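Structure file model.csv with CSV, C-alpha atoms:
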```
chain,number,residue,atom,x,y,z
A,1,MET,CA,36.8,0.8,-64.6
A,2,THR,CA,34.0,3.3,-64.7
A,3,SER,CA,31.9,3.3,-61.5
A,4,VAL,CA,28.1,3.7,-61.4
A,5,LEU,CA,28.6,7.2,-59.9
A,6,ASP,CA,31.0,8.2,-62.7
A,7,ARG,CA,28.6,7.1,-65.3
A,8,LEU,CA,25.8,9.0,-63.7
A,9,VAL,CA,27.8,12.2,-63.4
A,10,ASP,CA,29.1,11.9,-66.9
A,11,GLY,CA,25.5,11.7,-68.1
A,12,ASP,CA,25.6,8.0,-69.2
A,13,ARG,CA,21.9,7.4,-69.2
A,14,PRO,CA,21.8,3.6,-69.2
A,15,ALA,CA,23.2,3.6,-65.5
A,16,LEU,CA,20.1,5.3,-64.1
A,17,PRO,CA,17.9,2.2,-63.7
A,18,LEU,CA,20.7,0.4,-61.8
A,19,VAL,CA,21.1,3.4,-59.5
A,20,VAL,CA,17.4,3.4,-58.8
A,21,VAL,CA,17.5,-0.2,-57.9
A,22,VAL,CA,20.5,0.3,-55.5
A,23,LEU,CA,18.8,3.3,-53.8
A,24,THR,CA,15.5,1.3,-53.4
A,25,ILE,CA,17.3,-1.6,-51.7
A,26,CYS,CA,19.1,0.8,-49.4
A,27,ALA,CA,15.8,2.5,-48.4
A,28,ILE,CA,14.1,-0.9,-47.7
A,29,ALA,CA,17.1,-2.0,-45.6
A,30,GLY,CA,17.0,1.3,-43.6
A,31,PHE,CA,13.3,1.0,-43.0
A,32,VAL,CA,13.6,-2.6,-41.7
A,33,PHE,CA,16.6,-1.8,-39.5
A,34,GLY,CA,14.8,1.3,-38.1
A,35,GLY,CA,11.8,-0.8,-37.2
A,36,VAL,CA,13.9,-3.3,-35.3
A,37,LEU,CA,15.6,-0.6,-33.3
A,38,ALA,CA,12.2,1.0,-32.5
A,39,SER,CA,10.9,-2.4,-31.2
A,40,LEU,CA,13.7,-2.8,-28.7
A,41,PRO,CA,13.1,-1.8,-25.0
A,42,ARG,CA,14.4,1.6,-24.1
A,43,SER,CA,15.8,2.7,-20.7
A,44,GLY,CA,13.1,4.2,-18.6
A,45,ASP,CA,10.3,3.0,-20.9
A,46,ASP,CA,7.8,1.3,-18.5
A,47,SER,CA,5.7,0.0,-21.4
A,48,ALA,CA,8.6,-2.3,-22.4
A,49,ASP,CA,8.7,-4.1,-19.1
A,50,PRO,CA,6.5,-7.3,-19.3
A,51,ARG,CA,6.8,-8.1,-15.6
A,52,PRO,CA,3.5,-7.9,-13.5
A,53,SER,CA,2.9,-5.0,-11.1
A,54,PRO,CA,4.3,-5.6,-7.6
A,55,THR,CA,2.2,-5.9,-4.5
A,56,ALA,CA,1.0,-2.5,-3.5
A,57,SER,CA,1.2,-1.2,0.1
A,58,SER,CA,-1.5,0.3,2.2
A,59,PRO,CA,-3.3,3.3,1.0
A,60,THR,CA,-2.4,6.5,2.8
A,61,VAL,CA,-4.9,8.1,5.2
A,62,ASP,CA,-5.7,10.6,2.4
A,63,GLU,CA,-6.8,7.8,0.1
A,64,ALA,CA,-9.1,6.1,2.6
A,65,GLY,CA,-11.9,7.7,4.6
A,66,ILE,CA,-12.0,6.4,8.2
A,67,GLU,CA,-14.9,6.4,10.6
A,68,ALA,CA,-14.9,5.2,14.2
A,69,SER,CA,-17.9,4.2,16.3
A,70,CYS,CA,-16.2,5.7,19.4
A,71,GLN,CA,-13.3,7.9,20.4
A,72,ARG,CA,-11.7,8.6,23.8
A,73,GLU,CA,-11.6,12.2,24.9
A,74,SER,CA,-8.3,14.1,24.4
A,75,GLY,CA,-5.9,14.0,27.3
A,76,VAL,CA,-2.4,15.2,28.2
A,77,ASP,CA,1.0,13.5,28.4
A,78,GLU,CA,3.4,13.5,31.3
A,79,GLU,CA,4.6,16.9,30.3
A,80,SER,CA,1.0,18.3,30.0
A,81,ASN,CA,1.2,18.3,26.2
A,82,PRO,CA,-2.3,17.7,24.6
A,83,VAL,CA,-2.8,14.2,23.2
A,84,GLU,CA,-5.6,13.2,20.8
A,85,TYR,CA,-6.8,9.7,19.9
A,86,LEU,CA,-8.1,10.1,16.4
A,87,PRO,CA,-9.1,7.2,14.1
A,88,GLU,CA,-6.9,8.4,11.3
A,89,PHE,CA,-3.9,7.8,13.5
A,90,VAL,CA,-4.1,4.1,12.7
A,91,MET,CA,-2.7,4.9,9.2
A,92,ASP,CA,-0.2,7.6,9.9
A,93,GLY,CA,2.8,5.3,10.2
A,94,ASP,CA,3.7,6.7,13.7
A,95,THR,CA,3.8,4.3,16.7
A,96,GLN,CA,3.6,7.2,19.1
A,97,THR,CA,0.0,7.9,18.1
A,98,ALA,CA,-3.1,5.7,18.3
A,99,TRP,CA,-6.9,5.5,18.1
A,100,GLN,CA,-8.4,4.9,21.5
A,101,CYS,CA,-11.8,4.2,23.1
A,102,THR,CA,-12.8,4.0,26.7
A,103,GLY,CA,-14.0,0.5,27.9
A,104,ASN,CA,-13.3,-3.0,26.7
A,105,GLY,CA,-14.1,-2.0,23.1
A,106,GLU,CA,-16.4,-5.0,22.4
A,107,GLY,CA,-18.5,-4.2,19.3
A,108,GLU,CA,-16.7,-1.0,18.5
A,109,THR,CA,-15.6,-0.5,14.9
A,110,LEU,CA,-13.3,1.3,12.6
A,111,THR,CA,-14.6,1.5,9.0
A,112,PHE,CA,-12.4,2.3,6.0
A,113,GLU,CA,-14.0,3.5,2.8
A,114,PHE,CA,-11.8,3.5,-0.3
A,115,ALA,CA,-12.1,5.8,-3.3
A,116,GLU,CA,-12.1,2.7,-5.6
A,117,PRO,CA,-12.3,-1.0,-5.1
A,118,MET,CA,-9.2,-2.5,-3.5
A,119,THR,CA,-8.1,-6.1,-3.8
A,120,ILE,CA,-6.7,-7.0,-0.3
A,121,THR,CA,-4.4,-10.0,0.4
A,122,THR,CA,-3.1,-9.4,3.9
A,123,LEU,CA,-4.4,-7.5,7.0
A,124,GLY,CA,-2.3,-6.3,9.9
A,125,ILE,CA,-2.8,-4.5,13.2
A,126,ILE,CA,-0.8,-3.3,16.2
A,127,PRO,CA,-3.4,-4.2,18.8
A,128,GLY,CA,-2.6,-1.7,21.6
A,129,TYR,CA,-1.1,1.6,22.5
A,130,ALA,CA,2.6,1.2,21.5
A,131,LYS,CA,3.7,4.7,22.6
A,132,VAL,CA,6.7,5.1,24.8
A,133,ASP,CA,6.7,8.6,26.4
A,134,PRO,CA,9.7,10.5,25.0
A,135,ALA,CA,10.2,12.6,28.1
A,136,VAL,CA,10.1,10.1,31.0
A,137,GLY,CA,10.1,6.7,29.1
A,138,THR,CA,6.7,5.5,30.3
A,139,ASP,CA,5.7,2.5,28.3
A,140,TRP,CA,1.9,2.6,27.6
A,141,TYR,CA,1.5,-0.7,25.8
A,142,PRO,CA,1.3,-3.0,28.9
A,143,ARG,CA,-0.7,-0.4,30.8
A,144,ASN,CA,-3.7,-0.2,28.5
A,145,ARG,CA,-5.9,-3.0,27.1
A,146,ARG,CA,-4.6,-5.0,24.1
A,147,LEU,CA,-7.0,-6.5,21.6
A,148,THR,CA,-7.3,-10.3,21.5
A,149,ASP,CA,-9.8,-10.8,18.7
A,150,VAL,CA,-11.2,-8.8,15.8
A,151,LEU,CA,-13.5,-9.4,12.8
A,152,TRP,CA,-12.8,-7.9,9.4
A,153,HIS,CA,-16.0,-7.2,7.5
A,154,PHE,CA,-16.0,-6.8,3.7
A,155,ASP,CA,-18.7,-5.1,1.6
A,156,ASP,CA,-19.9,-8.4,0.2
A,157,GLY,CA,-21.1,-9.5,3.6
A,158,GLU,CA,-18.3,-11.9,4.3
A,159,SER,CA,-16.1,-11.6,7.4
A,160,VAL,CA,-12.7,-12.9,8.5
A,161,GLY,CA,-11.6,-13.4,12.1
A,162,GLN,CA,-8.2,-12.6,13.4
A,163,THR,CA,-6.8,-13.7,16.8
A,164,LEU,CA,-4.2,-11.4,18.3
A,165,ASP,CA,-1.5,-12.1,20.9
A,166,PRO,CA,-1.8,-9.6,23.8
A,167,ASP,CA,1.7,-10.3,25.1
A,168,PRO,CA,2.9,-6.9,26.5
A,169,GLU,CA,6.3,-7.6,25.0
A,170,LEU,CA,4.9,-8.2,21.5
A,171,ARG,CA,4.0,-4.9,20.0
A,172,GLU,CA,4.9,-5.5,16.3
A,173,LEU,CA,2.3,-5.5,13.5
A,174,GLN,CA,0.4,-8.8,13.7
A,175,THR,CA,-0.8,-9.9,10.2
A,176,ILE,CA,-3.2,-12.4,8.7
A,177,ALA,CA,-3.0,-13.6,5.1
A,178,LEU,CA,-6.4,-14.1,3.4
A,179,ASP,CA,-7.2,-17.5,1.9
A,180,GLU,CA,-7.9,-15.6,-1.3
A,181,PRO,CA,-7.7,-11.9,-2.3
A,182,ARG,CA,-10.9,-10.0,-1.6
A,183,THR,CA,-12.0,-7.0,-3.6
A,184,THR,CA,-13.9,-4.4,-1.6
A,185,THR,CA,-14.7,-0.7,-1.4
A,186,THR,CA,-15.3,-0.7,2.4
A,187,LEU,CA,-13.6,-2.6,5.2
A,188,THR,CA,-14.7,-2.7,8.8
A,189,MET,CA,-12.6,-3.9,11.8
A,190,GLU,CA,-14.9,-4.9,14.7
A,191,ILE,CA,-13.4,-5.5,18.2
A,192,VAL,CA,-14.5,-8.8,19.6
A,193,GLY,CA,-12.2,-9.1,22.7
A,194,SER,CA,-9.5,-7.4,24.6
A,195,GLU,CA,-7.3,-8.0,27.7
A,196,LEU,CA,-6.9,-5.6,30.6
A,197,GLY,CA,-3.3,-4.3,31.1
A,198,ASP,CA,-1.3,-4.3,34.2
A,199,GLY,CA,-2.0,-0.6,34.7
A,200,ASN,CA,-5.7,-1.3,34.9
A,201,ARG,CA,-6.4,1.4,32.4
A,202,ASN,CA,-9.7,0.6,30.9
A,203,ASN,CA,-9.0,1.8,27.3
A,204,VAL,CA,-8.6,-0.1,24.1
A,205,ALA,CA,-6.2,1.2,21.5
A,206,VAL,CA,-5.1,0.5,17.9
A,207,THR,CA,-1.7,2.0,17.0
A,208,GLU,CA,-1.5,1.0,13.3
A,209,ILE,CA,-3.5,-0.9,10.7
A,210,SER,CA,-2.0,-2.1,7.5
A,211,PHE,CA,-3.3,-3.7,4.3
A,212,GLU,CA,-1.4,-5.4,1.5
A,213,MET,CA,-3.1,-5.2,-1.9
A,214,THR,CA,-2.5,-6.3,-5.5
A,215,SER,CA,-2.5,-3.5,-8.0
```

Final structure tokens representation of the file:
Amino acid sequence: MTSVLDRLVDGDRPALPLVVVVLTICAIAGFVFGGVLASLPRSGDDSADPRPSPTASSPTVDEAGIEASCQRESGVDEESNPVEYLPEFVMDGDTQTAWQCTGNGEGETLTFEFAEPMTITTLGIIPGYAKVDPAVGTDWYPRNRRLTDVLWHFDDGESVGQTLDPDPELRELQTIALDEPRTTTTLTMEIVGSELGDGNRNNVAVTEISFEMTS
């Protein structure tokens, strides 16, 4: 039996229309199959993942400007090393550093200014000086004041209160979930109340502040 290819090679002209039809069908099938492959998700292709973005963590100190209404003067630790109490320490992820002010802190504020609006869902704070001296083991958390109440002010004029537990044994991040997400470009934490520590050191401190946000 003579094949289509034999007839084409031998110059049998009537086979040409049939060859054209076969080649056309093959081309269409290849186009369709290629389109299906192109539409399938590829490994490492983020655009193919339909899942929503996860909850974002706090911005870094480089992404949020921080201003404080007060700041305690620098001091020294028990090995005479200099110690500072800068406002940006509340976002450095280090529990050995803290922002501090002299006095009971009432009415003092920390203000965060974001480069773009942030939608915040949860607020957190370590409301005291959680440092344990690495050289001699002095625990500064119970010796200084711990915050008992703060107000969080948003740039739409609304405020949310947070009550904090000043227990000297409780030095973890204390959080509050907002009733609904709030979008803001500035956020101010105002100290409302604090409790004197057993060392009678009249300083307020904030070791860390954390925000959870939706992206």

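For the choices A:Ala98, A:Met118, A:Val204, A:Cys70, the atom-to-atom distance to Leu187 in chain A is smallest for A:Met118 when using only C-alpha atoms.
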
| remark: Restricting to only C-alpha atoms, whichever of A:Thr95, A:Thr119, A:Thr109, A:Thr102 is closest to Asp139 in chain A is A:Thr95

| task | For each of A:Thr188, A:Gln162, A:Asn200, A:Thr148, take the minimum atom-to-atom distance to Gly65 in chain A, counting only C-alpha atoms, then give the residue where this is smallest. | result |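 Residue with the minimum atom-to-atom distance to Gly65 in chain A: A:Thr188.
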
| field | Long-range neighbours of Phe89 in chain A as a ChimeraX atom specification, 12 Å cut-off, only C-alpha atoms, 2 positions minimum in chain | value | /A:60-62,65-68,71,83-87,91-100,110,126,129,205-210

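From CA of Phe112 in chain A back to CA of Glu88 in chain A, the distance works out to 9.8 Å.
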
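Residues in contact range of His153 in chain A, defined as at most 8 Å between all atoms listed in the file, with sequence neighbours fewer than 4 positions away removed, read Gly157, Glu158, Ser159, Val160, Leu187, Thr188, Met189 and Glu190 of chain A.
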
| said: Between CA of Arg146 in chain A and CA of Gly161 in chain A, what is the distance in Å, rounded to a tenth? | reply: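 Distance between the two atoms: 16.2 Å.
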
| message | What's the separation between CA of Thr184 in chain A and CA of Glu116 in chain A, in Å to one decimal place? | response |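 Pair CA of Thr184 in chain A / CA of Glu116 in chain A returns 8.3 Å.
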
| request: Would you mind telling me which residue in A:Gly199, A:Gly193, A:Gly128, A:Gly137 lies nearest to Glu106 in chain A when using only C-alpha atoms? | output: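 Of A:Gly199, A:Gly193, A:Gly128, A:Gly137, the one nearest Glu106 in chain A is A:Gly193, counting only C-alpha atoms.
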
Neighbours of range 166-179 of chain A within 7 Å (all atoms listed in the file; same-chain residues fewer than 2 positions away dropped), as a PDB file with C-alpha atoms, in the frame of the given file?
```
ATOM      1  CA  THR A 121      -4.400 -10.000   0.400  1.00  0.00           C
ATOM      2  CA  THR A 122      -3.100  -9.400   3.900  1.00  0.00           C
ATOM      3  CA  LEU A 123      -4.400  -7.500   7.000  1.00  0.00           C
ATOM      4  CA  GLY A 124      -2.300  -6.300   9.900  1.00  0.00           C
ATOM      5  CA  ILE A 125      -2.800  -4.500  13.200  1.00  0.00           C
ATOM      6  CA  ILE A 126      -0.800  -3.300  16.200  1.00  0.00           C
ATOM      7  CA  ALA A 130       2.600   1.200  21.500  1.00  0.00           C
ATOM      8  CA  TYR A 141       1.500  -0.700  25.800  1.00  0.00           C
ATOM      9  CA  PRO A 142       1.300  -3.000  28.900  1.00  0.00           C
ATOM     10  CA  ARG A 146      -4.600  -5.000  24.100  1.00  0.00           C
ATOM     11  CA  LEU A 147      -7.000  -6.500  21.600  1.00  0.00           C
ATOM     12  CA  THR A 148      -7.300 -10.300  21.500  1.00  0.00           C
ATOM     13  CA  GLN A 162      -8.200 -12.600  13.400  1.00  0.00           C
ATOM     14  CA  LEU A 164      -4.200 -11.400  18.300  1.00  0.00           C
ATOM     15  CA  PRO A 181      -7.700 -11.900  -2.300  1.00  0.00           C
ATOM     16  CA  GLU A 195      -7.300  -8.000  27.700  1.00  0.00           C
TER      17      GLU A 195
END
```

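Minimum atom-to-atom distance to Asn144 in chain A, evaluated using only C-alpha atoms, belongs to A:Asp198 out of A:Glu180, A:Asp165, A:Asp198, A:Glu113.
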
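Each of A:Glu212, A:Asp149, A:Glu79, A:Glu73 was compared to Glu108 in chain A using all atoms listed in the file, and A:Asp149 turns out to be the nearest.
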
So that I can check the surroundings of Arg201 in chain A, please list as a PDB file with C-alpha atoms, keeping the file's coordinate frame every protein, DNA and RNA residue that reaches within 8 Å of it, counting all atoms listed in the file and ignoring chain neighbours fewer than 4 positions away.
```pdb
ATOM      1  CA  ARG A 143      -0.700  -0.400  30.800  1.00  0.00           C
ATOM      2  CA  ASN A 144      -3.700  -0.200  28.500  1.00  0.00           C
ATOM      3  CA  ARG A 145      -5.900  -3.000  27.100  1.00  0.00           C
ATOM      4  CA  LEU A 196      -6.900  -5.600  30.600  1.00  0.00           C
ATOM      5  CA  GLY A 197      -3.300  -4.300  31.100  1.00  0.00           C
TER       6      GLY A 197
END
```
